[in-house]
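Q: Structure file model.cif (mmCIF, C-alpha atoms and all ligand atoms) is given on the next line.
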```cif
data_my_file
loop_
_atom_site.group_PDB
_atom_site.id
_atom_site.type_symbol
_atom_site.label_atom_id
_atom_site.label_comp_id
_atom_site.auth_asym_id
_atom_site.auth_seq_id
_atom_site.Cartn_x
_atom_site.Cartn_y
_atom_site.Cartn_z
ATOM 1 C CA MET A 1 134.705 61.596 -138.595
ATOM 2 C CA PRO A 2 132.100 63.014 -140.972
ATOM 3 C CA ILE A 3 130.801 66.485 -141.822
ATOM 4 C CA VAL A 4 127.748 67.150 -139.691
ATOM 5 C CA ILE A 5 125.232 69.756 -140.824
ATOM 6 C CA ASP A 6 123.015 70.469 -137.871
ATOM 7 C CA HIS A 7 119.823 72.523 -138.332
ATOM 8 C CA LEU A 8 121.567 74.835 -140.797
ATOM 9 C CA SER A 9 119.765 77.971 -141.978
ATOM 10 C CA HIS A 10 121.198 80.752 -144.100
ATOM 11 C CA THR A 11 119.532 84.082 -144.760
ATOM 12 C CA TYR A 12 120.819 86.675 -147.239
ATOM 13 C CA PHE A 13 120.167 90.323 -146.419
ATOM 14 C CA ASP A 14 120.148 92.831 -149.249
ATOM 15 C CA GLY A 15 121.285 95.851 -147.244
ATOM 16 C CA GLY A 16 117.787 97.335 -147.165
ATOM 17 C CA MET A 17 114.897 95.695 -145.390
ATOM 18 C CA GLY A 18 114.746 92.626 -147.635
ATOM 19 C CA SER A 19 115.922 89.175 -146.655
ATOM 20 C CA LEU A 20 115.859 85.817 -148.317
ATOM 21 C CA SER A 21 115.990 82.482 -146.576
ATOM 22 C CA ALA A 22 118.174 80.413 -148.952
ATOM 23 C CA VAL A 23 118.709 77.350 -146.720
ATOM 24 C CA GLU A 24 116.207 76.428 -144.033
ATOM 25 C CA ASP A 25 116.715 74.049 -141.147
ATOM 26 C CA LEU A 26 118.762 71.492 -143.027
ATOM 27 C CA SER A 27 120.356 68.589 -141.159
ATOM 28 C CA LEU A 28 122.455 65.860 -142.705
ATOM 29 C CA THR A 29 125.685 63.956 -142.227
ATOM 30 C CA ILE A 30 128.214 63.692 -145.041
ATOM 31 C CA HIS A 31 130.149 60.459 -144.636
ATOM 32 C CA GLU A 32 133.810 59.859 -145.359
ATOM 33 C CA GLY A 33 134.590 58.282 -148.707
ATOM 34 C CA LYS A 34 131.026 58.436 -150.046
ATOM 35 C CA PHE A 35 129.553 60.193 -153.089
ATOM 36 C CA LEU A 36 126.716 62.596 -152.253
ATOM 37 C CA ALA A 37 124.939 64.320 -155.122
ATOM 38 C CA ILE A 38 122.910 67.487 -154.542
ATOM 39 C CA MET A 39 120.067 68.290 -156.910
ATOM 40 C CA GLY A 40 117.223 70.716 -157.126
ATOM 41 C CA HIS A 41 115.641 73.463 -159.151
ATOM 42 C CA THR A 42 117.671 76.588 -159.880
ATOM 43 C CA GLY A 43 117.767 78.922 -156.883
ATOM 44 C CA CYS A 44 116.844 76.215 -154.348
ATOM 45 C CA GLY A 45 119.989 76.825 -152.286
ATOM 46 C CA LYS A 46 122.518 74.226 -153.486
ATOM 47 C CA THR A 47 125.447 76.623 -153.857
ATOM 48 C CA THR A 48 124.567 78.356 -150.594
ATOM 49 C CA LEU A 49 124.585 74.995 -148.825
ATOM 50 C CA VAL A 50 127.918 73.775 -150.198
ATOM 51 C CA GLN A 51 129.636 77.084 -149.471
ATOM 52 C CA HIS A 52 129.047 76.317 -145.795
ATOM 53 C CA LEU A 53 131.138 73.169 -145.953
ATOM 54 C CA ASN A 54 134.467 74.997 -145.795
ATOM 55 C CA GLY A 55 133.317 78.091 -143.947
ATOM 56 C CA LEU A 56 133.066 80.310 -147.011
ATOM 57 C CA LEU A 57 129.581 81.141 -145.744
ATOM 58 C CA LEU A 58 128.675 80.890 -142.077
ATOM 59 C CA PRO A 59 125.321 79.716 -140.712
ATOM 60 C CA SER A 60 122.651 82.267 -139.796
ATOM 61 C CA SER A 61 121.596 79.561 -137.355
ATOM 62 C CA GLY A 62 122.600 75.964 -136.747
ATOM 63 C CA ARG A 63 126.110 74.562 -137.114
ATOM 64 C CA VAL A 64 128.437 72.853 -139.544
ATOM 65 C CA LEU A 65 131.078 70.580 -138.021
ATOM 66 C CA VAL A 66 133.887 69.282 -140.244
ATOM 67 C CA ASP A 67 135.465 66.310 -138.496
ATOM 68 C CA GLY A 68 134.268 67.882 -135.264
ATOM 69 C CA LEU A 69 135.609 71.371 -136.093
ATOM 70 C CA ASP A 70 133.043 74.178 -136.068
ATOM 71 C CA THR A 71 133.277 76.341 -139.208
ATOM 72 C CA THR A 72 132.635 79.476 -137.139
ATOM 73 C CA ASP A 73 135.850 78.871 -135.174
ATOM 74 C CA LYS A 74 138.411 81.156 -136.854
ATOM 75 C CA LYS A 75 141.344 79.226 -135.388
ATOM 76 C CA GLN A 76 140.208 76.083 -137.213
ATOM 77 C CA ARG A 77 139.518 77.723 -140.555
ATOM 78 C CA SER A 78 142.771 76.786 -142.283
ATOM 79 C CA THR A 79 142.493 73.174 -141.083
ATOM 80 C CA ILE A 80 138.923 73.059 -142.359
ATOM 81 C CA ARG A 81 139.988 74.505 -145.726
ATOM 82 C CA SER A 82 142.676 71.835 -146.072
ATOM 83 C CA LEU A 83 140.143 69.094 -145.291
ATOM 84 C CA VAL A 84 137.448 70.394 -147.645
ATOM 85 C CA GLY A 85 138.470 71.197 -151.227
ATOM 86 C CA MET A 86 136.005 73.401 -153.081
ATOM 87 C CA VAL A 87 135.675 73.459 -156.854
ATOM 88 C CA PHE A 88 133.410 76.264 -157.995
ATOM 89 C CA GLN A 89 131.365 76.395 -161.139
ATOM 90 C CA TYR A 90 133.624 77.206 -164.102
ATOM 91 C CA PRO A 91 136.783 76.815 -161.976
ATOM 92 C CA GLU A 92 138.949 77.555 -165.022
ATOM 93 C CA TYR A 93 138.148 81.262 -164.560
ATOM 94 C CA GLN A 94 140.296 81.116 -161.443
ATOM 95 C CA LEU A 95 143.448 79.985 -163.255
ATOM 96 C CA PHE A 96 145.909 82.839 -162.926
ATOM 97 C CA ALA A 97 149.575 81.764 -162.901
ATOM 98 C CA ASP A 98 152.000 81.863 -165.843
ATOM 99 C CA THR A 99 152.288 78.108 -166.074
ATOM 100 C CA VAL A 100 150.049 75.145 -165.313
ATOM 101 C CA LYS A 101 152.475 73.766 -162.723
ATOM 102 C CA GLU A 102 152.680 77.095 -160.880
ATOM 103 C CA ASP A 103 148.919 77.305 -160.779
ATOM 104 C CA ILE A 104 148.529 73.811 -159.347
ATOM 105 C CA ALA A 105 151.340 74.445 -156.829
ATOM 106 C CA PHE A 106 149.582 77.486 -155.346
ATOM 107 C CA GLY A 107 147.392 75.596 -152.861
ATOM 108 C CA PRO A 108 150.030 73.135 -151.571
ATOM 109 C CA ARG A 109 152.532 75.981 -151.252
ATOM 110 C CA ASN A 110 150.088 77.888 -149.054
ATOM 111 C CA MET A 111 149.929 74.801 -146.874
ATOM 112 C CA LYS A 112 153.630 75.404 -146.125
ATOM 113 C CA LEU A 113 154.716 72.036 -147.482
ATOM 114 C CA SER A 114 158.345 71.417 -148.512
ATOM 115 C CA ILE A 115 159.326 72.122 -152.137
ATOM 116 C CA GLU A 116 159.792 68.399 -152.726
ATOM 117 C CA GLU A 117 156.325 67.629 -151.380
ATOM 118 C CA VAL A 118 154.771 70.449 -153.444
ATOM 119 C CA ASN A 119 156.434 69.140 -156.620
ATOM 120 C CA LEU A 120 155.337 65.606 -155.852
ATOM 121 C CA ARG A 121 151.754 66.716 -155.322
ATOM 122 C CA VAL A 122 151.712 68.760 -158.531
ATOM 123 C CA SER A 123 152.860 65.812 -160.637
ATOM 124 C CA ARG A 124 150.495 63.433 -158.833
ATOM 125 C CA ALA A 125 147.499 65.763 -159.307
ATOM 126 C CA MET A 126 148.314 66.234 -162.998
ATOM 127 C CA ALA A 127 148.473 62.465 -163.479
ATOM 128 C CA MET A 128 145.136 62.116 -161.698
ATOM 129 C CA VAL A 129 143.358 64.525 -164.041
ATOM 130 C CA GLY A 130 145.085 63.045 -167.094
ATOM 131 C CA LEU A 131 147.323 65.985 -168.017
ATOM 132 C CA SER A 132 150.790 64.724 -168.930
ATOM 133 C CA TYR A 133 153.455 66.567 -166.934
ATOM 134 C CA ASP A 134 155.873 66.756 -169.864
ATOM 135 C CA SER A 135 153.329 68.248 -172.231
ATOM 136 C CA PHE A 136 151.462 70.597 -169.919
ATOM 137 C CA ALA A 137 153.494 71.631 -166.854
ATOM 138 C CA ASP A 138 155.226 74.581 -168.496
ATOM 139 C CA LYS A 139 152.357 75.696 -170.701
ATOM 140 C CA SER A 140 150.341 78.804 -169.956
ATOM 141 C CA PRO A 141 146.886 77.821 -168.646
ATOM 142 C CA PHE A 142 145.457 80.068 -171.330
ATOM 143 C CA GLU A 143 146.849 77.875 -174.129
ATOM 144 C CA LEU A 144 144.726 74.930 -172.982
ATOM 145 C CA SER A 145 141.387 73.775 -174.384
ATOM 146 C CA GLY A 146 138.225 74.223 -172.319
ATOM 147 C CA GLY A 147 138.275 70.671 -170.959
ATOM 148 C CA GLU A 148 142.014 70.828 -170.223
ATOM 149 C CA LYS A 149 141.600 74.111 -168.361
ATOM 150 C CA ARG A 150 138.858 72.576 -166.235
ATOM 151 C CA ARG A 151 141.120 69.627 -165.418
ATOM 152 C CA ALA A 152 144.060 71.906 -164.583
ATOM 153 C CA ALA A 153 141.834 73.867 -162.194
ATOM 154 C CA LEU A 154 140.681 70.620 -160.591
ATOM 155 C CA ALA A 155 144.282 69.464 -160.226
ATOM 156 C CA GLY A 156 144.963 72.610 -158.184
ATOM 157 C CA ILE A 157 142.385 71.478 -155.633
ATOM 158 C CA LEU A 158 143.401 67.804 -155.751
ATOM 159 C CA ALA A 159 147.014 68.781 -155.030
ATOM 160 C CA MET A 160 145.847 69.855 -151.575
ATOM 161 C CA GLU A 161 144.678 66.248 -151.069
ATOM 162 C CA PRO A 162 141.357 67.096 -149.457
ATOM 163 C CA LYS A 163 139.402 64.530 -147.492
ATOM 164 C CA TYR A 164 136.136 65.955 -148.837
ATOM 165 C CA LEU A 165 135.927 67.285 -152.385
ATOM 166 C CA VAL A 166 132.999 69.632 -153.068
ATOM 167 C CA LEU A 167 132.160 70.358 -156.701
ATOM 168 C CA ASP A 168 129.482 72.810 -157.803
ATOM 169 C CA GLU A 169 128.285 71.657 -161.232
ATOM 170 C CA PRO A 170 131.764 70.550 -162.333
ATOM 171 C CA MET A 171 130.607 69.315 -165.727
ATOM 172 C CA ALA A 172 128.623 72.388 -166.792
ATOM 173 C CA GLY A 173 129.460 73.428 -170.341
ATOM 174 C CA LEU A 174 131.606 70.378 -171.141
ATOM 175 C CA ASP A 175 130.983 68.033 -174.085
ATOM 176 C CA PRO A 176 130.094 64.367 -173.374
ATOM 177 C CA GLN A 177 133.732 63.292 -173.559
ATOM 178 C CA GLY A 178 134.808 66.028 -171.127
ATOM 179 C CA ARG A 179 132.012 65.010 -168.737
ATOM 180 C CA ARG A 180 133.022 61.367 -168.869
ATOM 181 C CA GLN A 181 136.655 62.243 -168.168
ATOM 182 C CA ILE A 182 135.729 64.271 -165.092
ATOM 183 C CA LEU A 183 133.422 61.565 -163.727
ATOM 184 C CA GLN A 184 135.939 58.823 -164.337
ATOM 185 C CA MET A 185 138.587 60.906 -162.635
ATOM 186 C CA LEU A 186 136.354 61.426 -159.604
ATOM 187 C CA GLU A 187 135.692 57.686 -159.361
ATOM 188 C CA GLU A 188 139.418 56.917 -159.567
ATOM 189 C CA LEU A 189 140.170 59.577 -156.987
ATOM 190 C CA ARG A 190 137.640 58.093 -154.609
ATOM 191 C CA GLN A 191 139.030 54.603 -155.057
ATOM 192 C CA SER A 192 142.690 55.570 -154.728
ATOM 193 C CA THR A 193 142.434 58.120 -151.891
ATOM 194 C CA GLY A 194 139.080 57.435 -150.202
ATOM 195 C CA CYS A 195 138.145 61.103 -150.745
ATOM 196 C CA ALA A 196 134.428 61.850 -150.285
ATOM 197 C CA ILE A 197 132.712 63.566 -153.223
ATOM 198 C CA ILE A 198 129.949 66.112 -152.736
ATOM 199 C CA MET A 199 128.705 67.162 -156.146
ATOM 200 C CA VAL A 200 125.986 69.596 -157.175
ATOM 201 C CA SER A 201 124.711 68.340 -160.511
ATOM 202 C CA HIS A 202 121.783 68.648 -162.880
ATOM 203 C CA SER A 203 122.833 65.535 -164.747
ATOM 204 C CA MET A 204 120.464 62.773 -163.709
ATOM 205 C CA GLU A 205 122.264 60.032 -165.647
ATOM 206 C CA ASP A 206 125.583 60.759 -163.953
ATOM 207 C CA VAL A 207 124.027 61.071 -160.533
ATOM 208 C CA ALA A 208 122.078 57.802 -160.938
ATOM 209 C CA ARG A 209 125.249 55.959 -161.861
ATOM 210 C CA HIS A 210 127.774 57.409 -159.412
ATOM 211 C CA ALA A 211 126.112 58.733 -156.262
ATOM 212 C CA ASP A 212 125.672 56.702 -153.078
ATOM 213 C CA ARG A 213 123.020 59.154 -151.917
ATOM 214 C CA ILE A 214 121.157 62.087 -153.419
ATOM 215 C CA LEU A 215 119.972 65.155 -151.551
ATOM 216 C CA VAL A 216 117.083 66.808 -153.382
ATOM 217 C CA MET A 217 116.457 70.359 -152.221
ATOM 218 C CA LYS A 218 113.342 72.436 -152.680
ATOM 219 C CA ALA A 219 113.193 76.109 -151.699
ATOM 220 C CA GLY A 220 116.072 75.777 -149.237
ATOM 221 C CA LYS A 221 114.720 72.643 -147.587
ATOM 222 C CA GLN A 222 115.446 68.965 -147.800
ATOM 223 C CA MET A 223 112.944 67.175 -150.003
ATOM 224 C CA TYR A 224 114.647 63.770 -150.267
ATOM 225 C CA LEU A 225 117.863 62.269 -148.962
ATOM 226 C CA ASP A 226 118.248 58.696 -150.104
ATOM 227 C CA THR A 227 119.828 56.284 -152.593
ATOM 228 C CA PRO A 228 119.368 57.073 -156.311
ATOM 229 C CA GLN A 229 116.964 54.113 -156.597
ATOM 230 C CA SER A 230 114.725 55.444 -153.835
ATOM 231 C CA VAL A 231 114.892 59.081 -154.928
ATOM 232 C CA PHE A 232 114.123 58.386 -158.597
ATOM 233 C CA ALA A 233 111.189 56.204 -157.558
ATOM 234 C CA HIS A 234 109.422 59.539 -156.754
ATOM 235 C CA ALA A 235 108.986 60.189 -160.479
ATOM 236 C CA GLU A 236 105.842 62.257 -160.236
ATOM 237 C CA GLU A 237 107.031 64.578 -157.468
ATOM 238 C CA LEU A 238 110.367 65.115 -159.230
ATOM 239 C CA SER A 239 108.756 66.029 -162.525
ATOM 240 C CA LYS A 240 106.529 68.508 -160.670
ATOM 241 C CA MET A 241 109.789 70.102 -159.504
ATOM 242 C CA ASN A 242 110.981 70.259 -163.133
ATOM 243 C CA LEU A 243 113.651 67.648 -162.455
ATOM 244 C CA SER A 244 113.967 65.196 -165.300
ATOM 245 C CA LEU A 245 114.475 61.505 -164.654
ATOM 246 C CA PRO A 246 117.322 59.366 -165.982
ATOM 247 C CA ALA A 247 116.388 57.832 -169.358
ATOM 248 C CA ALA A 248 116.210 54.311 -167.861
ATOM 249 C CA CYS A 249 113.631 55.499 -165.309
ATOM 250 C CA ARG A 250 111.542 57.071 -168.062
ATOM 251 C CA VAL A 251 111.614 53.872 -170.149
ATOM 252 C CA ALA A 252 110.751 51.845 -167.043
ATOM 253 C CA ALA A 253 107.797 54.167 -166.340
ATOM 254 C CA LEU A 254 106.529 53.770 -169.932
ATOM 255 C CA LEU A 255 106.771 49.994 -169.660
ATOM 256 C CA ARG A 256 104.873 50.135 -166.390
ATOM 257 C CA GLN A 257 102.106 52.136 -168.092
ATOM 258 C CA LYS A 258 101.887 49.326 -170.661
ATOM 259 C CA GLY A 259 101.378 46.839 -167.878
ATOM 260 C CA VAL A 260 104.924 45.456 -167.584
ATOM 261 C CA ASP A 261 105.782 45.084 -163.891
ATOM 262 C CA VAL A 262 109.191 46.798 -164.020
ATOM 263 C CA PRO A 263 110.474 47.334 -160.476
ATOM 264 C CA LEU A 264 110.615 50.911 -159.171
ATOM 265 C CA ASP A 265 114.294 50.774 -158.241
ATOM 266 C CA ILE A 266 115.628 50.787 -161.805
ATOM 267 C CA CYS A 267 117.580 53.929 -162.585
ATOM 268 C CA THR A 268 120.501 53.125 -164.872
ATOM 269 C CA ARG A 269 120.662 51.595 -168.333
ATOM 270 C CA GLU A 270 122.540 48.621 -166.869
ATOM 271 C CA ASP A 271 119.751 47.981 -164.314
ATOM 272 C CA LEU A 272 117.141 48.105 -167.055
ATOM 273 C CA GLU A 273 119.115 45.863 -169.396
ATOM 274 C CA ALA A 274 119.682 43.294 -166.660
ATOM 275 C CA TYR A 275 115.980 43.293 -165.798
ATOM 276 C CA LEU A 276 114.819 42.962 -169.413
ATOM 277 C CA MET A 277 117.356 40.235 -170.203
ATOM 278 C CA GLY A 278 116.155 38.379 -167.111
ATOM 279 C CA ARG A 279 112.560 38.545 -168.359
ATOM 280 C CA LEU A 280 113.494 37.362 -171.841
ATOM 281 C CA LYS A 281 115.096 34.211 -170.508
ATOM 282 C CA PRO A 282 112.836 31.160 -170.916
HETATM 283 N N1 LIG A 301 124.953 86.658 -152.416
HETATM 284 C C1 LIG A 301 123.621 86.600 -152.432
HETATM 285 N N2 LIG A 301 122.865 87.634 -151.960
HETATM 286 C C2 LIG A 301 121.517 87.550 -151.977
HETATM 287 N N3 LIG A 301 120.808 86.497 -152.422
HETATM 288 C C3 LIG A 301 121.506 85.458 -152.893
HETATM 289 C C4 LIG A 301 122.942 85.451 -152.927
HETATM 290 N N4 LIG A 301 123.363 84.256 -153.448
HETATM 291 C C5 LIG A 301 122.234 83.568 -153.723
HETATM 292 N N5 LIG A 301 121.133 84.262 -153.399
HETATM 293 C C6 LIG A 301 119.732 83.795 -153.533
HETATM 294 O O1 LIG A 301 119.585 82.663 -152.683
HETATM 295 C C7 LIG A 301 118.801 81.656 -153.314
HETATM 296 C C8 LIG A 301 119.615 80.383 -153.414
HETATM 297 O O2 LIG A 301 120.685 80.608 -154.328
HETATM 298 P P1 LIG A 301 121.767 79.514 -154.668
HETATM 299 O O3 LIG A 301 122.769 80.150 -155.563
HETATM 300 O O4 LIG A 301 122.248 78.910 -153.419
HETATM 301 O O5 LIG A 301 120.877 78.451 -155.485
HETATM 302 P P2 LIG A 301 121.321 77.243 -156.416
HETATM 303 O O6 LIG A 301 120.440 76.099 -156.043
HETATM 304 O O7 LIG A 301 122.786 77.053 -156.353
HETATM 305 O O8 LIG A 301 120.891 77.751 -157.874
HETATM 306 P P3 LIG A 301 121.493 77.371 -159.317
HETATM 307 O O9 LIG A 301 120.967 76.007 -159.664
HETATM 308 O O10 LIG A 301 120.924 78.420 -160.218
HETATM 309 O O11 LIG A 301 122.992 77.424 -159.217
HETATM 310 C C9 LIG A 301 118.379 82.233 -154.667
HETATM 311 O O12 LIG A 301 117.099 82.788 -154.521
HETATM 312 C C10 LIG A 301 119.410 83.301 -154.923
HETATM 313 O O13 LIG A 301 118.858 84.331 -155.723
HETATM 314 MG MG MG A 302 124.305 77.154 -157.773
#
```
Now, as a test, write the supplied structure out as structure tokens.
Ligand SMILES: Nc1ncnc2c1ncn2[C@@H]1O[C@H](COP(=O)(O)OP(=O)(O)OP(=O)(O)O)[C@@H](O)[C@H]1O
Ligand SMILES: [Mg+2]

A:
Amino acid sequence: MPIVIDHLSHTYFDGGMGSLSAVEDLSLTIHEGKFLAIMGHTGCGKTTLVQHLNGLLLPSSGRVLVDGLDTTDKKQRSTIRSLVGMVFQYPEYQLFADTVKEDIAFGPRNMKLSIEEVNLRVSRAMAMVGLSYDSFADKSPFELSGGEKRRAALAGILAMEPKYLVLDEPMAGLDPQGRRQILQMLEELRQSTGCAIIMVSHSMEDVARHADRILVMKAGKQMYLDTPQSVFAHAEELSKMNLSLPAACRVAALLRQKGVDVPLDICTREDLEAYLMGRLKP
């Protein structure tokens, strides 16, 4: 069963008379095992939207159903939280325990699993994020590098073995190598466990390469919800929204201006290379 977002609206009230409609009448279904990317200009409501997926925020109107469970139902909240893992922006700020292994064990322990199962999940999650158990388990999280801290924080969520993993700009502030490691890890996770990925990201290249579908939001509303190829074909509208295109799309657009009939559905370097090589063949 999927996550169903049904006519979701969320309004923030500032205590006085003011109110701000951050998400407006959004409906979409998030499928099991798929990679959904969420993009849009700063302040368009991405974080507000994803915080509804595990009941951290509740709808002002509309509903969110996680595998049929309504997030407003208090009795279902802990089940929903075990289904939907949430990785916030800069998750390393939430590391708190004395050792890496204690930190990662916190979530599974709260799920009342046996000690053996908790230990198994900690070592499995560390392997998944590429932190060797022998080298890192007994270290203080604060001795780690930036990228290692990020991966330790991610391991804490993975150890709960969520069915849906929500990440709010998980690569922000990382160098290219750190970004690649996170993306590769997410791909491996999806292949080995079938976990769905819901990722807020400003990185067009990564989104073009990894996402099955992209939701583009504008002022709290859905602008596009489609495959990367179809979304990036709206080059003009996206640039009006200050969203840059993947480099391959920009090159393809330049070639088109020069009269080369590059198809509109090219959005990764590999697509472009394959197309150009095809044209060069006699
Ligand atoms: N707790 C809050 N109280 C009041 N207004 C808020 C609150 N959180 C967010 N907002 C406002 O709601 C709107 C949507 O914010 P949100 O953080 O969801 O956007 P975002 O797309 O995640 O932005 P960014 O790309 O900068 O992370 C913004 O106008 C923001 O100022
Ligand atoms: Mg945000």

Q: Which of these residues is nearest to Val64 (chain A), using only C-alpha atoms: A:Leu238, A:Ala252, A:Ile30, A:Val87?

A: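 Among the listed residues, the smallest separation from Val64 (chain A) belongs to A:Ile30.
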
Q: Identify which of the residues A:Leu189, A:Leu49, A:Val166, A:Ile266 lies closest to ligand MG 302 (chain A), counting all atoms listed in the file when measuring atom-to-atom distances.

A: A:Leu49

Q: Determine the residue membership of the PyMOL selection byres (((not hetatm)) within 8 of (chain A and resi 302)) for the file above and supply it as a list in words.

A: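 On the file shown, the PyMOL selection byres (((not hetatm)) within 8 of (chain A and resi 302)) covers Thr42, Gly43, Gly45, Lys46, Thr47, Thr48, Gln89, Asp168, Glu169 and Val200 of chain A.
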
Q: Out of A:Met217, A:Met1, A:Ala159, A:Leu58, which residue has the shortest atom-to-atom distance to ligand LIG 301 (chain A) when counting only C-alpha atoms and all ligand atoms?

A: A:Met217

Q: Exactly which residues make up the result of the PyMOL selection byres (((chain A and resi 53) around 8) and not hetatm) on this file, given as a PyMOL selection string?

A: chain A and resi 3+49-52+54-56+64+66+71+84

Q: Starting from the shown file, work through the PyMOL selection byres (((chain A and resi 139-150) around 9) and not hetatm) and note down what comes out as a PyMOL selection string.

A: chain A and resi 90-93+95-101+103+129-131+135-138+151-155+170-171+174-175+178-179+182

Q: Given the selection you just returned, output its residues as a file containing C-alpha atoms, formatted as a tab-separated table (two decimals), in the frame of the given file.

A:
```tsv
chain	number	residue	atom	x	y	z
A	90	TYR	CA	133.62	77.21	-164.10
A	91	PRO	CA	136.78	76.82	-161.98
A	92	GLU	CA	138.95	77.56	-165.02
A	93	TYR	CA	138.15	81.26	-164.56
A	95	LEU	CA	143.45	79.98	-163.26
A	96	PHE	CA	145.91	82.84	-162.93
A	97	ALA	CA	149.57	81.76	-162.90
A	98	ASP	CA	152.00	81.86	-165.84
A	99	THR	CA	152.29	78.11	-166.07
A	100	VAL	CA	150.05	75.14	-165.31
A	101	LYS	CA	152.48	73.77	-162.72
A	103	ASP	CA	148.92	77.31	-160.78
A	129	VAL	CA	143.36	64.53	-164.04
A	130	GLY	CA	145.08	63.04	-167.09
A	131	LEU	CA	147.32	65.98	-168.02
A	135	SER	CA	153.33	68.25	-172.23
A	136	PHE	CA	151.46	70.60	-169.92
A	137	ALA	CA	153.49	71.63	-166.85
A	138	ASP	CA	155.23	74.58	-168.50
A	151	ARG	CA	141.12	69.63	-165.42
A	152	ALA	CA	144.06	71.91	-164.58
A	153	ALA	CA	141.83	73.87	-162.19
A	154	LEU	CA	140.68	70.62	-160.59
A	155	ALA	CA	144.28	69.46	-160.23
A	170	PRO	CA	131.76	70.55	-162.33
A	171	MET	CA	130.61	69.32	-165.73
A	174	LEU	CA	131.61	70.38	-171.14
A	175	ASP	CA	130.98	68.03	-174.08
A	178	GLY	CA	134.81	66.03	-171.13
A	179	ARG	CA	132.01	65.01	-168.74
A	182	ILE	CA	135.73	64.27	-165.09
```
